[in-house]
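J.: Below is the file start11.tsv, which contains TSV, C-alpha atoms.
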chain	number	residue	atom	x	y	z
L	1	MET	CA	19.48	2.85	11.55
L	2	GLY	CA	17.79	3.13	14.95
L	3	ARG	CA	16.76	6.68	14.14
L	4	LEU	CA	15.74	8.32	10.96
L	5	ALA	CA	17.93	11.11	9.69
L	6	THR	CA	17.22	14.49	11.18
L	7	ASP	CA	14.67	16.67	9.45
L	8	ILE	CA	16.10	19.19	6.96
L	9	ALA	CA	16.30	21.97	9.50
L	10	GLY	CA	18.30	19.65	11.68
L	11	LYS	CA	16.76	19.46	15.12
L	12	THR	CA	14.88	16.71	16.92
L	13	PRO	CA	15.01	13.40	15.04
L	14	VAL	CA	11.96	11.13	14.93
L	15	SER	CA	12.30	7.43	15.61
L	16	LEU	CA	12.14	5.28	12.50
L	17	GLY	CA	10.38	2.71	14.69
L	18	LEU	CA	7.61	5.19	15.47
L	19	LEU	CA	7.14	6.11	11.82
L	20	GLY	CA	7.20	2.40	11.03
L	21	ALA	CA	4.49	1.77	13.64
L	22	ALA	CA	2.25	4.29	11.87
L	23	ALA	CA	2.87	2.53	8.55
L	24	PHE	CA	2.13	-0.82	10.19
L	25	MET	CA	-1.30	0.34	11.35
L	26	VAL	CA	-2.26	1.79	7.98
L	27	ILE	CA	-1.34	-1.29	5.96
L	28	ALA	CA	-2.70	-3.75	8.55
L	29	ASP	CA	-6.00	-1.84	8.43
L	30	ALA	CA	-6.07	-2.10	4.62
L	31	ARG	CA	-5.16	-5.79	4.50
L	32	VAL	CA	-7.40	-6.91	7.36
L	33	ILE	CA	-10.34	-6.71	4.94
L	34	ASP	CA	-9.00	-9.53	2.76
L	35	PRO	CA	-9.97	-12.46	5.01
L	36	LEU	CA	-13.04	-10.59	6.35
L	37	LEU	CA	-14.67	-9.74	3.01
L	38	HIS	CA	-16.78	-12.91	2.96
L	39	ILE	CA	-17.89	-12.41	6.59
L	40	ILE	CA	-18.89	-8.78	5.99
L	41	ALA	CA	-20.76	-9.75	2.81
L	42	ASP	CA	-22.70	-12.42	4.71
L	43	GLU	CA	-23.55	-10.13	7.63
L	44	PHE	CA	-24.91	-7.39	5.39
L	45	LYS	CA	-26.48	-9.90	2.96
L	46	VAL	CA	-24.69	-8.78	-0.21
L	47	GLY	CA	-22.50	-10.60	-2.74
L	48	VAL	CA	-18.72	-10.72	-2.32
L	49	GLY	CA	-18.22	-8.56	-5.39
L	50	SER	CA	-20.70	-6.01	-4.04
L	51	ALA	CA	-19.12	-6.01	-0.57
L	52	ALA	CA	-15.80	-5.14	-2.21
L	53	VAL	CA	-17.13	-1.58	-2.51
L	54	ILE	CA	-15.58	-1.04	0.93
L	55	ILE	CA	-12.16	-1.71	-0.62
L	56	SER	CA	-12.67	0.75	-3.47
L	57	ALA	CA	-14.17	3.27	-1.02
L	58	TYR	CA	-10.91	3.17	0.94
L	59	THR	CA	-8.33	2.98	-1.83
L	60	ILE	CA	-9.73	5.55	-4.28
L	61	PRO	CA	-9.79	8.47	-1.79
L	62	TYR	CA	-6.44	7.22	-0.49
L	63	GLY	CA	-5.10	7.78	-3.97
L	64	LEU	CA	-6.97	11.00	-4.74
L	65	PHE	CA	-5.91	12.78	-1.57
L	66	GLN	CA	-2.24	12.16	-2.32
L	67	LEU	CA	-2.61	15.13	-4.64
L	68	VAL	CA	-3.33	17.28	-1.59
L	69	TYR	CA	-1.02	15.81	1.05
L	70	GLY	CA	2.11	15.80	-1.11
L	71	PRO	CA	2.26	19.56	-1.75
L	72	LEU	CA	0.92	20.20	1.77
L	73	GLY	CA	3.80	18.23	3.27
L	74	ASP	CA	6.28	20.15	1.14
L	75	ARG	CA	4.85	23.43	2.41
L	76	ILE	CA	3.97	23.04	6.11
L	77	GLY	CA	6.18	20.10	7.08
L	78	LYS	CA	5.90	16.39	6.41
L	79	LEU	CA	5.99	15.28	10.05
L	80	LYS	CA	3.11	17.58	10.98
L	81	VAL	CA	0.99	16.20	8.13
L	82	ILE	CA	1.76	12.61	9.15
L	83	THR	CA	0.75	13.21	12.78
L	84	ILE	CA	-2.57	14.93	12.03
L	85	ALA	CA	-3.50	12.38	9.37
L	86	LEU	CA	-2.78	9.46	11.71
L	87	ALA	CA	-5.02	10.93	14.42
L	88	ALA	CA	-7.92	11.32	11.96
L	89	PHE	CA	-7.27	7.80	10.63
L	90	ALA	CA	-7.45	6.41	14.19
L	91	VAL	CA	-10.85	7.94	14.89
L	92	GLY	CA	-12.34	6.82	11.55
L	93	THR	CA	-11.06	3.27	11.98
L	94	ALA	CA	-12.44	2.92	15.53
L	95	VAL	CA	-15.90	4.14	14.50
L	96	CYS	CA	-16.08	1.39	11.82
L	97	ALA	CA	-16.73	-1.04	14.70
L	98	PHE	CA	-20.19	0.44	15.30
L	99	VAL	CA	-21.77	0.58	11.83
L	100	SER	CA	-25.19	-0.97	11.20
L	101	ASN	CA	-25.11	-1.40	7.42
L	102	ILE	CA	-22.81	-1.59	4.40
L	103	VAL	CA	-23.57	2.00	3.38
L	104	LEU	CA	-22.26	3.46	6.64
L	105	LEU	CA	-19.23	1.18	6.55
L	106	THR	CA	-18.49	2.32	2.99
L	107	LEU	CA	-18.76	5.97	4.00
L	108	LEU	CA	-16.43	5.50	6.97
L	109	ARG	CA	-13.91	3.58	4.88
L	110	PHE	CA	-13.99	6.48	2.42
L	111	LEU	CA	-13.23	9.00	5.19
L	112	THR	CA	-10.55	6.74	6.70
L	113	GLY	CA	-8.89	6.37	3.31
L	114	MET	CA	-8.79	10.17	3.00
L	115	ALA	CA	-6.89	10.39	6.29
L	116	ALA	CA	-4.61	7.40	5.69
L	117	ALA	CA	-3.39	9.03	2.48
L	118	GLY	CA	-1.26	11.44	4.50
L	119	ILE	CA	0.94	8.85	6.23
L	120	ILE	CA	3.03	6.35	4.25
L	121	PRO	CA	3.72	8.33	1.02
L	122	VAL	CA	4.56	11.50	2.97
L	123	THR	CA	6.92	9.47	5.17
L	124	LEU	CA	8.62	8.06	2.06
L	125	ALA	CA	9.09	11.60	0.78
L	126	TYR	CA	10.56	12.53	4.16
L	127	ILE	CA	13.05	9.66	3.85
L	128	GLY	CA	13.85	10.84	0.32
L	129	ASP	CA	14.75	14.25	1.71
L	130	ASN	CA	17.31	12.72	4.04
L	131	PHE	CA	19.03	9.92	2.10
L	132	PRO	CA	21.08	10.18	-1.13
L	133	TYR	CA	19.74	8.14	-4.04
L	134	GLU	CA	22.38	5.41	-3.82
L	135	LYS	CA	21.37	4.67	-0.21
L	136	ARG	CA	17.66	5.31	-0.54
L	137	GLN	CA	16.62	1.87	-1.83
L	138	ALA	CA	18.06	0.24	1.29
L	139	ALA	CA	16.63	2.92	3.60
L	140	ILE	CA	13.16	2.56	2.12
L	141	GLY	CA	13.50	-1.22	2.33
L	142	LYS	CA	14.20	-0.98	6.05
L	143	TYR	CA	11.28	1.38	6.65
L	144	LEU	CA	9.02	-0.92	4.66
L	145	SER	CA	9.81	-3.79	7.02
L	146	ALA	CA	7.04	-2.37	9.20
L	147	PHE	CA	4.84	-2.22	6.11
L	148	MET	CA	5.55	-5.91	5.44
L	149	LEU	CA	4.77	-6.78	9.04
L	150	GLY	CA	1.43	-5.06	8.60
L	151	GLN	CA	0.84	-7.19	5.51
L	152	ILE	CA	1.64	-10.33	7.48
L	153	LEU	CA	-0.22	-9.63	10.71
L	154	GLY	CA	-3.13	-7.73	9.14
L	155	GLY	CA	-4.38	-10.82	7.32
L	156	SER	CA	-3.64	-13.10	10.27
L	157	LEU	CA	-5.41	-10.88	12.80
L	158	GLY	CA	-8.36	-10.48	10.45
L	159	GLY	CA	-8.71	-14.24	10.22
L	160	ILE	CA	-8.46	-14.72	14.00
L	161	PHE	CA	-10.98	-11.99	14.81
L	162	GLY	CA	-13.31	-13.15	12.05
L	163	GLU	CA	-13.27	-16.74	13.26
L	164	TYR	CA	-13.29	-16.34	17.03
L	165	ILE	CA	-14.21	-12.78	18.08
L	166	SER	CA	-15.79	-10.23	15.72
L	167	TRP	CA	-14.70	-8.36	12.62
L	168	ARG	CA	-15.87	-5.17	14.35
L	169	ASP	CA	-13.49	-5.50	17.28
L	170	ILE	CA	-10.40	-5.51	15.08
L	171	PHE	CA	-11.28	-2.03	13.81
L	172	LEU	CA	-11.78	-0.78	17.36
L	173	LEU	CA	-8.40	-2.20	18.39
L	174	PHE	CA	-6.62	-0.69	15.39
L	175	GLY	CA	-8.21	2.71	16.07
L	176	ILE	CA	-7.12	2.80	19.72
L	177	VAL	CA	-3.54	1.72	18.96
L	178	SER	CA	-3.26	4.22	16.09
L	179	LEU	CA	-4.43	7.04	18.33
L	180	GLY	CA	-1.70	6.13	20.82
L	181	ILE	CA	0.96	6.21	18.09
L	182	ALA	CA	-0.35	9.59	16.90
L	183	GLY	CA	0.06	10.91	20.45
L	184	LEU	CA	3.67	9.73	20.58
L	185	LEU	CA	4.39	11.31	17.20
L	186	TRP	CA	2.89	14.59	18.38
L	187	ARG	CA	5.15	14.55	21.44
L	188	GLY	CA	8.14	13.90	19.19
L	189	THR	CA	7.37	16.59	16.64
L	190	ARG	CA	5.91	19.46	18.69
L	191	HIS	CA	9.41	20.45	19.86
L	192	LEU	CA	10.45	21.03	16.26
L	193	GLY	CA	8.37	24.19	16.04
L	194	ASN	CA	9.10	25.84	12.72
L	195	ALA	CA	12.30	23.87	12.22
L	196	GLN	CA	10.69	21.32	9.97
L	197	ARG	CA	8.73	23.94	8.02
L	198	PRO	CA	9.97	25.03	4.59
L	199	GLN	CA	10.96	28.65	4.51
L	200	ASP	CA	8.73	29.77	1.64
L	201	GLN	CA	5.10	29.58	2.77
L	202	ARG	CA	3.68	31.97	0.20
L	203	GLY	CA	1.08	31.20	-2.43
L	204	ARG	CA	-1.50	28.45	-2.80
L	205	ILE	CA	-1.10	24.75	-3.38
L	206	THR	CA	-1.71	24.07	-7.07
L	207	PHE	CA	-1.78	20.98	-9.26
L	208	ARG	CA	0.60	22.41	-11.85
L	209	PRO	CA	3.60	20.46	-10.45
L	210	TYR	CA	1.80	17.20	-11.30
L	211	TYR	CA	1.34	18.27	-14.89
L	212	GLN	CA	5.00	19.30	-15.09
L	213	LEU	CA	6.07	15.90	-13.76
L	214	LEU	CA	4.02	14.08	-16.36
L	215	THR	CA	5.78	15.92	-19.17
L	216	GLN	CA	8.87	13.84	-18.34
L	217	PRO	CA	9.06	10.43	-20.11
L	218	ILE	CA	10.54	8.69	-17.05
L	219	ALA	CA	7.75	10.04	-14.84
L	220	ARG	CA	5.07	8.81	-17.23
L	221	THR	CA	6.63	5.36	-17.28
L	222	VAL	CA	6.77	5.13	-13.49
L	223	ILE	CA	3.23	6.49	-12.97
L	224	ILE	CA	1.62	4.30	-15.64
L	225	GLY	CA	3.56	1.29	-14.38
L	226	VAL	CA	2.42	1.66	-10.79
L	227	PHE	CA	-1.21	2.30	-11.85
L	228	VAL	CA	-1.32	-0.99	-13.77
L	229	GLU	CA	0.50	-2.74	-10.92
L	230	GLY	CA	-2.07	-1.59	-8.34
L	231	PHE	CA	-4.99	-2.29	-10.69
L	232	CYS	CA	-3.92	-5.87	-11.31
L	233	VAL	CA	-2.19	-7.07	-8.15
L	234	PHE	CA	-4.27	-5.58	-5.35
L	235	GLY	CA	-7.44	-5.37	-7.43
L	236	ALA	CA	-7.41	-9.18	-7.75
L	237	PHE	CA	-5.71	-10.03	-4.44
L	238	ALA	CA	-8.80	-8.71	-2.63
L	239	TYR	CA	-10.73	-11.76	-3.83
L	240	ILE	CA	-8.25	-14.49	-2.98
L	241	GLY	CA	-9.53	-14.88	0.59
L	242	ALA	CA	-13.12	-15.28	-0.61
L	243	PHE	CA	-11.89	-17.71	-3.30
L	244	LEU	CA	-10.16	-19.89	-0.70
L	245	ARG	CA	-13.32	-19.90	1.43
L	246	ASP	CA	-15.73	-20.71	-1.41
L	247	ARG	CA	-13.54	-23.24	-3.22
L	248	TYR	CA	-11.92	-25.11	-0.32
L	249	SER	CA	-14.14	-24.23	2.70
L	250	LEU	CA	-11.08	-23.26	4.74
L	251	SER	CA	-11.43	-21.55	8.12
L	252	TYR	CA	-10.99	-17.80	8.29
L	253	VAL	CA	-7.97	-18.28	10.54
L	254	ALA	CA	-6.28	-20.49	7.94
L	255	ILE	CA	-7.15	-18.02	5.18
L	256	GLY	CA	-5.76	-15.12	7.20
L	257	PHE	CA	-2.45	-16.88	7.77
L	258	MET	CA	-2.22	-17.95	4.13
L	259	LEU	CA	-2.83	-14.42	2.88
L	260	SER	CA	-0.05	-13.27	5.20
L	261	GLY	CA	2.40	-15.08	2.95
L	262	PHE	CA	2.27	-12.05	0.65
L	263	GLY	CA	3.69	-9.87	3.41
L	264	LEU	CA	6.24	-12.54	4.29
L	265	GLY	CA	7.53	-12.41	0.72
L	266	GLY	CA	7.84	-8.66	1.06
L	267	LEU	CA	9.69	-9.04	4.35
L	268	ILE	CA	12.15	-11.42	2.70
L	269	TYR	CA	12.77	-8.77	0.05
L	270	SER	CA	13.22	-5.95	2.56
L	271	ARG	CA	15.79	-7.98	4.49
L	272	SER	CA	17.69	-8.95	1.32
L	273	VAL	CA	17.26	-5.75	-0.68
L	274	LYS	CA	20.98	-4.97	-0.99
L	275	TRP	CA	21.73	-8.44	-2.32
L	276	PHE	CA	18.85	-8.29	-4.85
L	277	VAL	CA	19.84	-4.84	-6.09
L	278	ARG	CA	23.47	-5.88	-6.47
L	279	ARG	CA	22.69	-9.11	-8.31
L	280	LEU	CA	19.77	-8.05	-10.51
L	281	GLY	CA	19.87	-4.28	-10.89
L	282	GLU	CA	16.68	-2.25	-11.32
L	283	ILE	CA	15.69	-3.71	-14.69
L	284	GLY	CA	16.28	-7.25	-13.42
L	285	LEU	CA	14.19	-6.62	-10.33
L	286	MET	CA	11.22	-5.52	-12.42
L	287	GLY	CA	11.58	-8.44	-14.84
L	288	VAL	CA	11.96	-11.16	-12.21
L	289	GLY	CA	9.36	-9.56	-9.93
L	290	GLY	CA	6.77	-9.41	-12.70
L	291	GLY	CA	7.51	-13.00	-13.67
L	292	LEU	CA	7.00	-14.26	-10.11
L	293	MET	CA	3.66	-12.44	-9.77
L	294	SER	CA	2.40	-13.61	-13.14
L	295	ILE	CA	3.28	-17.24	-12.49
L	296	SER	CA	1.71	-17.11	-9.01
L	297	PHE	CA	-1.67	-15.81	-10.21
L	298	LEU	CA	-1.80	-18.26	-13.12
L	299	ALA	CA	-0.85	-21.18	-10.87
L	300	ILE	CA	-3.56	-20.28	-8.34
L	301	ALA	CA	-6.09	-20.32	-11.18
L	302	LEU	CA	-4.91	-23.43	-13.02
L	303	PHE	CA	-3.55	-25.75	-10.31
L	304	GLN	CA	-6.43	-25.94	-7.88
L	305	ASN	CA	-4.79	-27.21	-4.74
L	306	TRP	CA	-5.01	-24.94	-1.69
L	307	MET	CA	-1.65	-26.15	-0.35
L	308	LEU	CA	0.08	-24.62	-3.36
L	309	PHE	CA	-1.19	-21.21	-2.30
L	310	ILE	CA	1.15	-21.14	0.69
L	311	PRO	CA	4.42	-20.89	-1.31
L	312	LEU	CA	2.69	-19.04	-4.17
L	313	SER	CA	1.57	-16.21	-1.89
L	314	ILE	CA	5.16	-15.79	-0.67
L	315	PHE	CA	6.49	-15.69	-4.24
L	316	MET	CA	3.74	-13.23	-5.17
L	317	GLY	CA	4.75	-10.89	-2.34
L	318	LEU	CA	8.44	-11.21	-3.14
L	319	GLY	CA	7.77	-10.44	-6.80
L	320	PHE	CA	5.53	-7.50	-6.02
L	321	TYR	CA	8.09	-5.77	-3.82
L	322	MET	CA	10.89	-6.42	-6.31
L	323	MET	CA	8.94	-4.44	-8.88
L	324	HIS	CA	7.18	-1.98	-6.60
L	325	SER	CA	10.16	-0.98	-4.48
L	326	THR	CA	12.14	-0.25	-7.64
L	327	LEU	CA	9.40	1.97	-9.04
L	328	GLN	CA	8.97	3.58	-5.62
L	329	THR	CA	12.64	4.41	-5.30
L	330	GLN	CA	12.60	5.98	-8.76
L	331	ALA	CA	9.56	8.03	-7.77
L	332	THR	CA	11.53	9.65	-4.94
L	333	GLU	CA	13.98	11.00	-7.54
L	334	LEU	CA	11.48	12.32	-10.09
L	335	SER	CA	11.44	15.78	-8.49
L	336	PRO	CA	14.12	16.22	-5.78
L	337	GLU	CA	12.96	19.78	-5.05
L	338	ALA	CA	9.38	18.59	-4.35
L	339	ARG	CA	9.53	14.94	-3.34
L	340	GLY	CA	6.24	15.09	-1.48
L	341	THR	CA	4.50	16.00	-4.71
L	342	ALA	CA	6.26	13.29	-6.74
L	343	VAL	CA	5.69	10.49	-4.23
L	344	SER	CA	2.08	11.55	-3.80
L	345	LEU	CA	1.44	11.32	-7.55
L	346	PHE	CA	2.99	7.85	-7.42
L	347	ALA	CA	0.74	6.76	-4.54
L	348	PHE	CA	-2.27	8.36	-6.22
L	349	SER	CA	-1.75	6.16	-9.26
L	350	LEU	CA	-1.19	3.00	-7.20
L	351	PHE	CA	-4.30	3.31	-5.05
L	352	VAL	CA	-6.68	4.69	-7.64
L	353	GLY	CA	-5.58	1.75	-9.79
L	354	GLN	CA	-6.27	-0.61	-6.89
L	355	GLY	CA	-9.72	0.87	-6.26
L	356	ILE	CA	-10.77	0.70	-9.90
L	357	GLY	CA	-9.29	-2.78	-10.21
L	358	ALA	CA	-11.18	-4.11	-7.17
L	359	ALA	CA	-14.46	-2.72	-8.57
L	360	LEU	CA	-13.89	-4.15	-12.06
L	361	PHE	CA	-12.68	-7.55	-10.88
L	362	GLY	CA	-15.68	-7.70	-8.52
L	363	ARG	CA	-17.92	-7.63	-11.59
L	364	ILE	CA	-15.83	-10.39	-13.20
L	365	VAL	CA	-15.96	-12.52	-10.04
L	366	ASP	CA	-19.75	-12.16	-9.67
L	367	SER	CA	-20.40	-12.79	-13.38
L	368	PHE	CA	-17.77	-15.35	-14.43
L	369	GLY	CA	-15.99	-16.61	-11.32
L	370	TYR	CA	-12.63	-16.25	-9.63
L	371	ILE	CA	-10.59	-18.27	-12.15
L	372	TYR	CA	-11.15	-15.83	-15.02
L	373	CYS	CA	-10.15	-12.96	-12.77
L	374	PHE	CA	-6.82	-14.55	-11.81
L	375	ILE	CA	-5.96	-15.59	-15.37
L	376	VAL	CA	-6.56	-12.08	-16.71
L	377	VAL	CA	-4.33	-10.64	-13.97
L	378	GLY	CA	-1.54	-13.16	-14.56
L	379	VAL	CA	-1.36	-12.31	-18.26
L	380	ALA	CA	-1.62	-8.55	-17.65
L	381	ILE	CA	1.24	-8.54	-15.13
L	382	ALA	CA	3.47	-10.46	-17.55
L	383	LEU	CA	2.80	-7.82	-20.22
L	384	LEU	CA	3.47	-5.01	-17.73
L	385	SER	CA	6.80	-6.55	-16.77
L	386	VAL	CA	7.91	-6.85	-20.40
L	387	TRP	CA	6.89	-3.23	-21.07
L	388	LEU	CA	8.79	-1.89	-18.04
L	389	VAL	CA	11.93	-3.85	-18.89
L	390	ASN	CA	11.87	-2.39	-22.40
L	391	GLN	CA	11.58	1.21	-21.17
L	392	LYS	CA	15.24	2.16	-21.13
L	393	GLN	CA	14.51	5.55	-19.60
L	394	VAL	CA	13.28	3.86	-16.39
L	395	VAL	CA	16.83	3.59	-15.16
L	396	PRO	CA	18.03	6.90	-13.64
L	397	ASN	CA	21.38	8.20	-14.86
What is this file in structure tokens?
T.:
Amino acid sequence: MGRLATDIAGKTPVSLGLLGAAAFMVIADARVIDPLLHIIADEFKVGVGSAAVIISAYTIPYGLFQLVYGPLGDRIGKLKVITIALAAFAVGTAVCAFVSNIVLLTLLRFLTGMAAAGIIPVTLAYIGDNFPYEKRQAAIGKYLSAFMLGQILGGSLGGIFGEYISWRDIFLLFGIVSLGIAGLLWRGTRHLGNAQRPQDQRGRITFRPYYQLLTQPIARTVIIGVFVEGFCVFGAFAYIGAFLRDRYSLSYVAIGFMLSGFGLGGLIYSRSVKWFVRRLGEIGLMGVGGGLMSISFLAIALFQNWMLFIPLSIFMGLGFYMMHSTLQTQATELSPEARGTAVSLFAFSLFVGQGIGAALFGRIVDSFGYIYCFIVVGVAIALLSVWLVNQKQVVPN
């Protein structure tokens, strides 16, 4: 699959590698904060839980603006939305290198999250337009390989820059590279003209399609499931780097590489997705995936040996993508006539959940410590997995 399927109107195809590069930059930018959170908190003289406001400031607008980008992509063309959003994301990320206080950094992360919202979910909807359901899980898995690579290298690069260079320089680097990718995307899509644009441009974008989606039982299951998933998994994962630093006094480089195990687990899934789907089916993927995540969080809390975190982070990532990729694939089929809207509602729930989770778990970490946070998450994910497995309507007919 060297090239993504041609856009609906059928003219110039866009390289899957180029779309993957955009996804790589967005997720690497989000995950680079994990090993840097302690450094940023120290520089601006705030607690780790308080510094985590920069995570919520990014993820909440990322989720909220899905409600705008999804319908917008359906109306004016998904590739155009992706290109403009990536350019704005690049500028916002680069400027983060020059902030003088936590308030300005929070504001810029908010604006960057707004722009980033128009990239990965809209691309997934674009893939959904071009692949039949039975092939879509594998296609999304291949596209998400770039996403996994961002998970892996984002944490590693954050640790290296935090230890040896400066946390500011990594944002400048990401901004410059993202701007270059946006330029290449613009060159690839400007020849499409109106070919990628839906024919009916009349009327305003409304939020009624979201309400209509939520009247469907399967849609409610998927949306609630991904909200809880984001709330628990990424809400708590944001504090693992700080936990490793405070508890074991590890270097930021070591922490960055250890956090990258999550992305490695996802990469293993993306490369073996056909085998997993064939052997486990969608219900099995959610059950096994939830079990792996639950066990990983509980083991990190209860068996306090930093060496165990290396395999546990890989299992956590593998489990997350077993569950998440299944829910994500189902989201692309919730509304075939308006996939941008459906996938955007899905992403809205994931990232708003993550933002609220990071804020809430920050209060738990500052008040009670990391261990309580990880135990609560381990139990909650186990309950989520059981609930999803018991929702028979989750499986499309």
J.: At a cut-off of 9 Å, using only C-alpha atoms, what residues contact stretch 104-116 of chain L? Leave out same-chain residues fewer than 2 positions from it and give the result as a ChimeraX atom specification.
T.: /L:26,53-66,82,84-93,95-102,118-120
J.: Go ahead and compute the interatomic distance for atom CA of L:Ile268 and atom CA of L:Gly155, in Å to one decimal.
T.: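 Here the two named atoms are 17.2 Å from each other.
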J.: So which residues are close to (-11.7, -22.6, 1.8), meaning at most 12 Å away in the file's coordinates with all atoms listed in the file counted, and can you show them as a VMD selection string?
T.: chain L and resid 35 38 240 to 256 258 304 to 307 309
J.: Give me the residues near L:Val226 as a VMD selection string, where near means some atom within 8 Å (using only C-alpha atoms) and where sequence neighbours in that chain fewer than 2 positions away do not count.
T.: chain L and resid 222 to 224 228 to 230 324 327 346 349 to 350
J.: Ranking L:Phe234, L:Phe361, L:Tyr370, L:Trp275 by minimum distance to L:Met316 and counting all atoms listed in the file, which one comes first?
T.: L:Phe234
J.: Once 3 Å is added on each side, what centre and edge lengths in Å to one decimal does the axis-aligned box around all listed atoms of stretch 146-151 of chain L have, as AutoDock Vina command-line options?
T.:
--center_x 3.9 --center_y -4.7 --center_z 7.3 --size_x 12.2 --size_y 11.0 --size_z 9.8
J.: Tell me, as a PDB file with C-alpha atoms, keeping the file's coordinate frame, which residues lie within 12 Å of L:Leu144, counting all atoms listed in the file; anything in the same chain fewer than 2 positions away does not count.
T.:
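For reference, part31.pdb as written:
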ATOM      1  CA  LEU L  16      12.140   5.280  12.500  1.00  0.00           C
ATOM      2  CA  GLY L  17      10.380   2.710  14.690  1.00  0.00           C
ATOM      3  CA  LEU L  19       7.140   6.110  11.820  1.00  0.00           C
ATOM      4  CA  GLY L  20       7.200   2.400  11.030  1.00  0.00           C
ATOM      5  CA  ALA L  21       4.490   1.770  13.640  1.00  0.00           C
ATOM      6  CA  ALA L  22       2.250   4.290  11.870  1.00  0.00           C
ATOM      7  CA  ALA L  23       2.870   2.530   8.550  1.00  0.00           C
ATOM      8  CA  PHE L  24       2.130  -0.820  10.190  1.00  0.00           C
ATOM      9  CA  ILE L  27      -1.340  -1.290   5.960  1.00  0.00           C
ATOM     10  CA  ILE L 120       3.030   6.350   4.250  1.00  0.00           C
ATOM     11  CA  PRO L 121       3.720   8.330   1.020  1.00  0.00           C
ATOM     12  CA  THR L 123       6.920   9.470   5.170  1.00  0.00           C
ATOM     13  CA  LEU L 124       8.620   8.060   2.060  1.00  0.00           C
ATOM     14  CA  ILE L 127      13.050   9.660   3.850  1.00  0.00           C
ATOM     15  CA  ARG L 136      17.660   5.310  -0.540  1.00  0.00           C
ATOM     16  CA  GLN L 137      16.620   1.870  -1.830  1.00  0.00           C
ATOM     17  CA  ALA L 138      18.060   0.240   1.290  1.00  0.00           C
ATOM     18  CA  ALA L 139      16.630   2.920   3.600  1.00  0.00           C
ATOM     19  CA  ILE L 140      13.160   2.560   2.120  1.00  0.00           C
ATOM     20  CA  GLY L 141      13.500  -1.220   2.330  1.00  0.00           C
ATOM     21  CA  LYS L 142      14.200  -0.980   6.050  1.00  0.00           C
ATOM     22  CA  ALA L 146       7.040  -2.370   9.200  1.00  0.00           C
ATOM     23  CA  PHE L 147       4.840  -2.220   6.110  1.00  0.00           C
ATOM     24  CA  MET L 148       5.550  -5.910   5.440  1.00  0.00           C
ATOM     25  CA  LEU L 149       4.770  -6.780   9.040  1.00  0.00           C
ATOM     26  CA  GLY L 150       1.430  -5.060   8.600  1.00  0.00           C
ATOM     27  CA  GLN L 151       0.840  -7.190   5.510  1.00  0.00           C
ATOM     28  CA  GLY L 263       3.690  -9.870   3.410  1.00  0.00           C
ATOM     29  CA  LEU L 264       6.240 -12.540   4.290  1.00  0.00           C
ATOM     30  CA  GLY L 266       7.840  -8.660   1.060  1.00  0.00           C
ATOM     31  CA  LEU L 267       9.690  -9.040   4.350  1.00  0.00           C
ATOM     32  CA  ILE L 268      12.150 -11.420   2.700  1.00  0.00           C
ATOM     33  CA  TYR L 269      12.770  -8.770   0.050  1.00  0.00           C
ATOM     34  CA  SER L 270      13.220  -5.950   2.560  1.00  0.00           C
ATOM     35  CA  ARG L 271      15.790  -7.980   4.490  1.00  0.00           C
ATOM     36  CA  VAL L 273      17.260  -5.750  -0.680  1.00  0.00           C
ATOM     37  CA  TYR L 321       8.090  -5.770  -3.820  1.00  0.00           C
ATOM     38  CA  HIS L 324       7.180  -1.980  -6.600  1.00  0.00           C
ATOM     39  CA  SER L 325      10.160  -0.980  -4.480  1.00  0.00           C
ATOM     40  CA  GLN L 328       8.970   3.580  -5.620  1.00  0.00           C
ATOM     41  CA  THR L 329      12.640   4.410  -5.300  1.00  0.00           C
TER      42      THR L 329
END
